[in-house]
$ cat protein_3.pdb   # PDB, C-alpha atoms, pLDDT in the B column
ATOM      1  CA  MET A   1     144.384   0.885 201.106  1.00 72.00           C
ATOM      2  CA  LYS A   2     144.468  -0.826 197.738  1.00 82.00           C
ATOM      3  CA  ILE A   3     143.198   0.999 194.661  1.00 84.00           C
ATOM      4  CA  LYS A   4     140.988  -1.456 192.818  1.00 84.00           C
ATOM      5  CA  LYS A   5     139.768   0.870 190.045  1.00 84.00           C
ATOM      6  CA  PRO A   6     142.705   3.153 189.141  1.00 86.00           C
ATOM      7  CA  LEU A   7     140.918   5.105 186.397  1.00 88.00           C
ATOM      8  CA  SER A   8     138.050   6.097 188.702  1.00 87.00           C
ATOM      9  CA  PHE A   9     140.528   6.984 191.418  1.00 90.00           C
ATOM     10  CA  ILE A  10     142.664   9.174 189.125  1.00 91.00           C
ATOM     11  CA  LEU A  11     139.618  10.973 187.682  1.00 90.00           C
ATOM     12  CA  GLY A  12     138.353  11.573 191.205  1.00 90.00           C
ATOM     13  CA  VAL A  13     141.661  13.021 192.358  1.00 92.00           C
ATOM     14  CA  LEU A  14     141.777  15.307 189.289  1.00 91.00           C
ATOM     15  CA  LEU A  15     138.235  16.515 189.975  1.00 89.00           C
ATOM     16  CA  ILE A  16     139.087  17.164 193.624  1.00 91.00           C
ATOM     17  CA  ALA A  17     142.139  19.199 192.550  1.00 91.00           C
ATOM     18  CA  LEU A  18     139.978  21.170 190.101  1.00 88.00           C
ATOM     19  CA  ALA A  19     137.418  21.783 192.834  1.00 88.00           C
ATOM     20  CA  ILE A  20     140.070  23.029 195.252  1.00 89.00           C
ATOM     21  CA  PHE A  21     141.306  25.387 192.531  1.00 87.00           C
ATOM     22  CA  PHE A  22     137.773  26.727 191.986  1.00 85.00           C
ATOM     23  CA  ILE A  23     137.081  27.146 195.678  1.00 86.00           C
ATOM     24  CA  ILE A  24     140.398  28.649 196.802  1.00 88.00           C
ATOM     25  CA  VAL A  25     141.965  30.396 193.825  1.00 87.00           C
ATOM     26  CA  ALA A  26     138.862  31.444 191.881  1.00 79.00           C
ATOM     27  CA  LYS A  27     136.861  32.015 195.095  1.00 81.00           C
ATOM     28  CA  SER A  28     133.830  30.339 193.566  1.00 77.00           C
ATOM     29  CA  TYR A  29     131.249  28.151 195.250  1.00 78.00           C
ATOM     30  CA  LYS A  30     130.878  26.269 191.954  1.00 78.00           C
ATOM     31  CA  GLY A  31     133.756  24.031 193.031  1.00 81.00           C
ATOM     32  CA  ILE A  32     131.387  22.065 195.251  1.00 84.00           C
ATOM     33  CA  ILE A  33     129.994  20.213 192.216  1.00 84.00           C
ATOM     34  CA  PRO A  34     133.289  18.672 191.011  1.00 86.00           C
ATOM     35  CA  LEU A  35     134.318  18.150 194.644  1.00 88.00           C
ATOM     36  CA  SER A  36     131.294  15.953 195.371  1.00 87.00           C
ATOM     37  CA  ILE A  37     131.651  13.958 192.149  1.00 87.00           C
ATOM     38  CA  GLY A  38     135.422  13.615 192.693  1.00 89.00           C
ATOM     39  CA  CYS A  39     134.976  12.307 196.235  1.00 89.00           C
ATOM     40  CA  SER A  40     132.467   9.718 195.050  1.00 88.00           C
ATOM     41  CA  LEU A  41     134.805   8.616 192.233  1.00 88.00           C
ATOM     42  CA  VAL A  42     137.676   8.218 194.709  1.00 90.00           C
ATOM     43  CA  TYR A  43     135.361   6.082 196.865  1.00 89.00           C
ATOM     44  CA  ILE A  44     134.484   3.942 193.828  1.00 87.00           C
ATOM     45  CA  GLY A  45     138.205   3.574 193.039  1.00 88.00           C
ATOM     46  CA  ILE A  46     138.997   2.346 196.536  1.00 89.00           C
ATOM     47  CA  ASN A  47     135.865   0.360 197.326  1.00 84.00           C
ATOM     48  CA  PRO A  48     133.990  -0.698 194.167  1.00 83.00           C
ATOM     49  CA  GLY A  49     130.706  -2.506 194.397  1.00 80.00           C
ATOM     50  CA  LYS A  50     127.021  -2.019 194.987  1.00 83.00           C
ATOM     51  CA  ASN A  51     127.260   0.572 197.760  1.00 85.00           C
ATOM     52  CA  ALA A  52     129.783   2.709 195.883  1.00 85.00           C
ATOM     53  CA  THR A  53     127.627   2.675 192.753  1.00 86.00           C
ATOM     54  CA  LEU A  54     124.548   3.644 194.749  1.00 89.00           C
ATOM     55  CA  ILE A  55     126.380   6.493 196.505  1.00 87.00           C
ATOM     56  CA  PHE A  56     127.720   7.729 193.160  1.00 88.00           C
ATOM     57  CA  GLY A  57     124.241   7.613 191.623  1.00 91.00           C
ATOM     58  CA  HIS A  58     122.664   9.556 194.464  1.00 92.00           C
ATOM     59  CA  ILE A  59     125.402  12.203 194.334  1.00 90.00           C
ATOM     60  CA  LEU A  60     124.873  12.560 190.576  1.00 90.00           C
ATOM     61  CA  VAL A  61     121.141  13.062 191.071  1.00 94.00           C
ATOM     62  CA  LEU A  62     121.790  15.681 193.765  1.00 92.00           C
ATOM     63  CA  VAL A  63     124.319  17.545 191.590  1.00 90.00           C
ATOM     64  CA  GLY A  64     121.931  17.296 188.636  1.00 92.00           C
ATOM     65  CA  CYS A  65     119.132  18.913 190.628  1.00 93.00           C
ATOM     66  CA  ILE A  66     121.451  21.778 191.605  1.00 90.00           C
ATOM     67  CA  LEU A  67     122.494  22.239 187.968  1.00 89.00           C
ATOM     68  CA  VAL A  68     118.907  22.164 186.688  1.00 92.00           C
ATOM     69  CA  THR A  69     117.882  24.796 189.216  1.00 92.00           C
ATOM     70  CA  TRP A  70     120.833  26.946 188.206  1.00 88.00           C
ATOM     71  CA  GLY A  71     119.982  26.357 184.526  1.00 87.00           C
ATOM     72  CA  PHE A  72     116.397  27.548 185.041  1.00 89.00           C
ATOM     73  CA  TYR A  73     117.770  30.664 186.682  1.00 89.00           C
ATOM     74  CA  LEU A  74     119.982  31.356 183.638  1.00 84.00           C
ATOM     75  CA  LEU A  75     117.310  30.449 181.069  1.00 82.00           C
ATOM     76  CA  PRO A  76     116.035  34.006 180.375  1.00 83.00           C
ATOM     77  CA  ARG A  77     119.577  35.042 179.354  1.00 80.00           C
ATOM     78  CA  CYS A  78     120.160  32.181 176.893  1.00 77.00           C
ATOM     79  CA  GLU A  79     119.998  32.175 173.132  1.00 79.00           C
ATOM     80  CA  PRO A  80     118.533  29.268 171.121  1.00 81.00           C
ATOM     81  CA  THR A  81     121.849  28.065 169.675  1.00 83.00           C
ATOM     82  CA  LEU A  82     123.652  24.761 170.109  1.00 82.00           C
ATOM     83  CA  PHE A  83     126.456  26.570 171.922  1.00 79.00           C
ATOM     84  CA  TYR A  84     124.096  27.797 174.624  1.00 77.00           C
ATOM     85  CA  ILE A  85     122.253  24.497 174.855  1.00 79.00           C
ATOM     86  CA  PHE A  86     125.301  22.277 175.370  1.00 81.00           C
ATOM     87  CA  LEU A  87     127.346  24.634 177.546  1.00 79.00           C
ATOM     88  CA  ARG A  88     124.678  25.696 180.027  1.00 83.00           C
ATOM     89  CA  PRO A  89     123.970  23.924 183.326  1.00 86.00           C
ATOM     90  CA  LEU A  90     120.402  22.949 182.394  1.00 86.00           C
ATOM     91  CA  PHE A  91     121.595  20.412 179.813  1.00 87.00           C
ATOM     92  CA  TRP A  92     124.315  19.003 182.076  1.00 87.00           C
ATOM     93  CA  GLY A  93     121.897  18.883 185.002  1.00 90.00           C
ATOM     94  CA  LEU A  94     119.474  16.705 183.056  1.00 92.00           C
ATOM     95  CA  PHE A  95     122.408  14.618 181.810  1.00 91.00           C
ATOM     96  CA  SER A  96     123.593  14.179 185.410  1.00 91.00           C
ATOM     97  CA  ILE A  97     120.140  13.284 186.736  1.00 94.00           C
ATOM     98  CA  PHE A  98     119.625  10.586 184.108  1.00 94.00           C
ATOM     99  CA  GLY A  99     123.177   9.288 184.633  1.00 91.00           C
ATOM    100  CA  GLY A 100     122.515   9.115 188.381  1.00 92.00           C
ATOM    101  CA  ILE A 101     119.307   7.185 187.825  1.00 93.00           C
ATOM    102  CA  CYS A 102     121.233   4.804 185.571  1.00 91.00           C
ATOM    103  CA  ALA A 103     123.921   4.335 188.255  1.00 88.00           C
ATOM    104  CA  ILE A 104     121.273   3.664 190.917  1.00 90.00           C
ATOM    105  CA  PHE A 105     119.590   1.023 188.748  1.00 89.00           C
ATOM    106  CA  HIS A 106     123.005  -0.453 187.929  1.00 86.00           C
ATOM    107  CA  GLY A 107     123.674  -0.783 191.668  1.00 84.00           C
ATOM    108  CA  PHE A 108     120.779  -3.222 191.890  1.00 84.00           C
ATOM    109  CA  CYS A 109     121.704  -5.022 188.653  1.00 79.00           C
ATOM    110  CA  ARG A 110     122.565  -8.715 188.607  1.00 74.00           C
ATOM    111  CA  CYS A 111     126.007  -8.049 187.116  1.00 70.00           C
ATOM    112  CA  VAL A 112     127.097  -6.008 190.159  1.00 60.00           C
ATOM    113  CA  GLN A 113     125.581  -8.504 192.607  1.00 59.00           C
ATOM    114  CA  LYS A 114     127.298 -11.376 190.769  1.00 65.00           C
ATOM    115  CA  VAL A 115     130.699  -9.636 190.992  1.00 60.00           C
ATOM    116  CA  GLU A 116     130.204  -9.081 194.740  1.00 57.00           C
ATOM    117  CA  ASP A 117     129.210 -12.734 195.208  1.00 56.00           C
ATOM    118  CA  ASN A 118     132.372 -13.845 193.361  1.00 60.00           C
ATOM    119  CA  ASN A 119     134.499 -11.554 195.529  1.00 58.00           C
ATOM    120  CA  MET A 120     132.956 -13.045 198.677  1.00 51.00           C
ATOM    121  CA  ILE A 121     133.747 -16.559 197.424  1.00 53.00           C
ATOM    122  CA  ASN A 122     137.378 -15.564 196.658  1.00 51.00           C
ATOM    123  CA  ILE A 123     137.793 -14.038 200.135  1.00 54.00           C
ATOM    124  CA  GLN A 124     136.605 -17.178 201.893  1.00 50.00           C
TER     125      GLN A 124
END

$ encode --input "protein_3.pdb" --output "structure tokens"
Amino acid sequence: MKIKKPLSFILGVLLIALAIFFIIVAKSYKGIIPLSIGCSLVYIGINPGKNATLIFGHILVLVGCILVTWGFYLLPRCEPTLFYIFLRPLFWGLFSIFGGICAIFHGFCRCVQKVEDNNMINIQ
């Protein structure tokens, strides 16, 4: 197993450790969100390319939908200040959904396909 993208791999491992802390020590189900993103980042670090980018994008969209739903649930208790806007799950859910859509489109981009074609030529 060769790590081709060390930064993605390290961030993924840190997110997995944070998720394990949330799940075990804090006894919170909220650790599932960083766990899923961390696992996808570890996969990108080990196996970069079109499929990894598409998997990462779909996981971001799924996590974003969970966060938006949670944000709507918390909306009646929020105040109209910047603190509440930027630190509540509704904002980060929308941010995650749009980032996931961007990652999905990037998976079908010419730049990713060109890198995979060059890797196939180097292997042969």

$ resolve_selection --input "protein_3.pdb" --expression "the PyMOL selection byres ((chain A and resi 11-16) around 7)" --output "count of residues only"
14

$ closest_residue --input "protein_3.pdb" --among "A:Lys2, A:Ile66, A:Pro80, A:Ser96" --to "A:Ile46" --atoms "all atoms listed in the file"
A:Lys2

$ closest_residue --input "protein_3.pdb" --among "A:Lys50, A:His58, A:Arg88, A:Arg77" --to "A:Phe108" --atoms "all atoms listed in the file"
A:Lys50

$ residues_around --input "protein_3.pdb" --residues "A:Ile104" --least-positions-apart "4" --cutoff "10 Å" --atoms "all atoms listed in the file" --output "PyMOL selection string"
chain A and resi 50-58+60-61+98-100+108-109

$ axis_aligned_box --input "protein_3.pdb" --around "stretch 47-58 of chain A" --padding-each-side "8 Å" --output "AutoDock Vina command-line options"
--center_x 129.3 --center_y 3.5 --center_z 194.7 --size_x 29.2 --size_y 28.1 --size_z 22.1

$ closest_residue --input "protein_3.pdb" --among "A:Thr69, A:Tyr29, A:Gly49, A:Trp92" --to "A:Arg110" --atoms "only C-alpha atoms"
A:Gly49

$ atom_distance --input "protein_3.pdb" --atom1 "atom CA of A:Cys111" --atom2 "atom CA of A:Asn47"
16.5 Å

$ atom_distance --input "protein_3.pdb" --atom1 "atom CA of A:Lys27" --atom2 "atom CA of A:Leu87"
21.3 Å

$ atom_distance --input "protein_3.pdb" --atom1 "atom CA of A:Ile101" --atom2 "atom CA of A:Leu75"
24.3 Å

$ resolve_selection --input "protein_3.pdb" --expression "the PyMOL selection byres ((chain A and resi 70) around 12)" --output "ChimeraX atom specification"
/A:30,63-69,71-76,88-94

$ closest_residue --input "protein_3.pdb" --among "A:Val25, A:Cys78, A:Gly45, A:Ile33" --to "A:Lys5" --atoms "only C-alpha atoms"
A:Gly45

$ build_atoms --input "protein_3.pdb" --residues "stretch 38-71 of chain A" --atoms "N, CA and C atoms" --output "mmCIF file, keeping the file's coordinate frame"
data_model
loop_
_atom_site.group_PDB
_atom_site.id
_atom_site.type_symbol
_atom_site.label_atom_id
_atom_site.label_comp_id
_atom_site.auth_asym_id
_atom_site.auth_seq_id
_atom_site.Cartn_x
_atom_site.Cartn_y
_atom_site.Cartn_z
ATOM 1 N N GLY A 38 134.065 14.151 192.515
ATOM 2 C CA GLY A 38 135.422 13.615 192.693
ATOM 3 C C GLY A 38 135.550 12.724 193.911
ATOM 4 N N CYS A 39 134.934 13.140 195.018
ATOM 5 C CA CYS A 39 134.976 12.307 196.235
ATOM 6 C C CYS A 39 134.281 10.966 196.010
ATOM 7 N N SER A 40 133.159 10.984 195.296
ATOM 8 C CA SER A 40 132.467 9.718 195.050
ATOM 9 C C SER A 40 133.269 8.834 194.089
ATOM 10 N N LEU A 41 133.969 9.424 193.125
ATOM 11 C CA LEU A 41 134.805 8.616 192.233
ATOM 12 C C LEU A 41 136.005 8.021 192.967
ATOM 13 N N VAL A 42 136.580 8.764 193.897
ATOM 14 C CA VAL A 42 137.676 8.218 194.709
ATOM 15 C C VAL A 42 137.161 7.044 195.542
ATOM 16 N N TYR A 43 135.951 7.174 196.088
ATOM 17 C CA TYR A 43 135.361 6.082 196.865
ATOM 18 C C TYR A 43 135.130 4.850 195.981
ATOM 19 N N ILE A 44 134.671 5.067 194.748
ATOM 20 C CA ILE A 44 134.484 3.942 193.828
ATOM 21 C C ILE A 44 135.834 3.300 193.504
ATOM 22 N N GLY A 45 136.884 4.119 193.352
ATOM 23 C CA GLY A 45 138.205 3.574 193.039
ATOM 24 C C GLY A 45 138.776 2.724 194.157
ATOM 25 N N ILE A 46 138.474 3.089 195.394
ATOM 26 C CA ILE A 46 138.997 2.346 196.536
ATOM 27 C C ILE A 46 138.107 1.166 196.892
ATOM 28 N N ASN A 47 136.801 1.373 196.860
ATOM 29 C CA ASN A 47 135.865 0.360 197.326
ATOM 30 C C ASN A 47 134.753 0.161 196.299
ATOM 31 N N PRO A 48 135.036 -0.516 195.170
ATOM 32 C CA PRO A 48 133.990 -0.698 194.167
ATOM 33 C C PRO A 48 132.937 -1.690 194.634
ATOM 34 N N GLY A 49 131.777 -1.586 194.056
ATOM 35 C CA GLY A 49 130.706 -2.506 194.397
ATOM 36 C C GLY A 49 129.360 -1.813 194.413
ATOM 37 N N LYS A 50 128.395 -2.507 194.986
ATOM 38 C CA LYS A 50 127.021 -2.019 194.987
ATOM 39 C C LYS A 50 126.877 -0.708 195.750
ATOM 40 N N ASN A 51 127.422 -0.639 196.945
ATOM 41 C CA ASN A 51 127.260 0.572 197.760
ATOM 42 C C ASN A 51 127.917 1.783 197.110
ATOM 43 N N ALA A 52 129.093 1.596 196.537
ATOM 44 C CA ALA A 52 129.783 2.709 195.883
ATOM 45 C C ALA A 52 128.994 3.200 194.680
ATOM 46 N N THR A 53 128.426 2.282 193.911
ATOM 47 C CA THR A 53 127.627 2.675 192.753
ATOM 48 C C THR A 53 126.372 3.414 193.181
ATOM 49 N N LEU A 54 125.751 2.964 194.255
ATOM 50 C CA LEU A 54 124.548 3.644 194.749
ATOM 51 C C LEU A 54 124.868 5.039 195.281
ATOM 52 N N ILE A 55 125.975 5.175 196.002
ATOM 53 C CA ILE A 55 126.380 6.493 196.505
ATOM 54 C C ILE A 55 126.684 7.423 195.341
ATOM 55 N N PHE A 56 127.402 6.926 194.338
ATOM 56 C CA PHE A 56 127.720 7.729 193.160
ATOM 57 C C PHE A 56 126.446 8.167 192.439
ATOM 58 N N GLY A 57 125.501 7.275 192.290
ATOM 59 C CA GLY A 57 124.241 7.613 191.623
ATOM 60 C C GLY A 57 123.461 8.679 192.369
ATOM 61 N N HIS A 58 123.396 8.563 193.679
ATOM 62 C CA HIS A 58 122.664 9.556 194.464
ATOM 63 C C HIS A 58 123.364 10.926 194.426
ATOM 64 N N ILE A 59 124.682 10.927 194.436
ATOM 65 C CA ILE A 59 125.402 12.203 194.334
ATOM 66 C C ILE A 59 125.174 12.830 192.962
ATOM 67 N N LEU A 60 125.148 12.017 191.906
ATOM 68 C CA LEU A 60 124.873 12.560 190.576
ATOM 69 C C LEU A 60 123.469 13.152 190.487
ATOM 70 N N VAL A 61 122.496 12.512 191.084
ATOM 71 C CA VAL A 61 121.141 13.062 191.071
ATOM 72 C C VAL A 61 121.097 14.382 191.832
ATOM 73 N N LEU A 62 121.757 14.445 192.982
ATOM 74 C CA LEU A 62 121.790 15.681 193.765
ATOM 75 C C LEU A 62 122.466 16.810 192.984
ATOM 76 N N VAL A 63 123.617 16.537 192.383
ATOM 77 C CA VAL A 63 124.319 17.545 191.590
ATOM 78 C C VAL A 63 123.472 17.952 190.376
ATOM 79 N N GLY A 64 122.799 16.987 189.766
ATOM 80 C CA GLY A 64 121.931 17.296 188.636
ATOM 81 C C GLY A 64 120.789 18.223 189.012
ATOM 82 N N CYS A 65 120.210 18.021 190.179
ATOM 83 C CA CYS A 65 119.132 18.913 190.628
ATOM 84 C C CYS A 65 119.657 20.335 190.858
ATOM 85 N N ILE A 66 120.844 20.450 191.413
ATOM 86 C CA ILE A 66 121.451 21.778 191.605
ATOM 87 C C ILE A 66 121.691 22.444 190.254
ATOM 88 N N LEU A 67 122.215 21.684 189.287
ATOM 89 C CA LEU A 67 122.494 22.239 187.968
ATOM 90 C C LEU A 67 121.220 22.626 187.225
ATOM 91 N N VAL A 68 120.172 21.829 187.355
ATOM 92 C CA VAL A 68 118.907 22.164 186.688
ATOM 93 C C VAL A 68 118.323 23.443 187.276
ATOM 94 N N THR A 69 118.375 23.571 188.589
ATOM 95 C CA THR A 69 117.882 24.796 189.216
ATOM 96 C C THR A 69 118.681 26.008 188.744
ATOM 97 N N TRP A 70 119.974 25.869 188.691
ATOM 98 C CA TRP A 70 120.833 26.946 188.206
ATOM 99 C C TRP A 70 120.538 27.243 186.731
ATOM 100 N N GLY A 71 120.302 26.182 185.940
ATOM 101 C CA GLY A 71 119.982 26.357 184.526
ATOM 102 C C GLY A 71 118.673 27.091 184.313
#
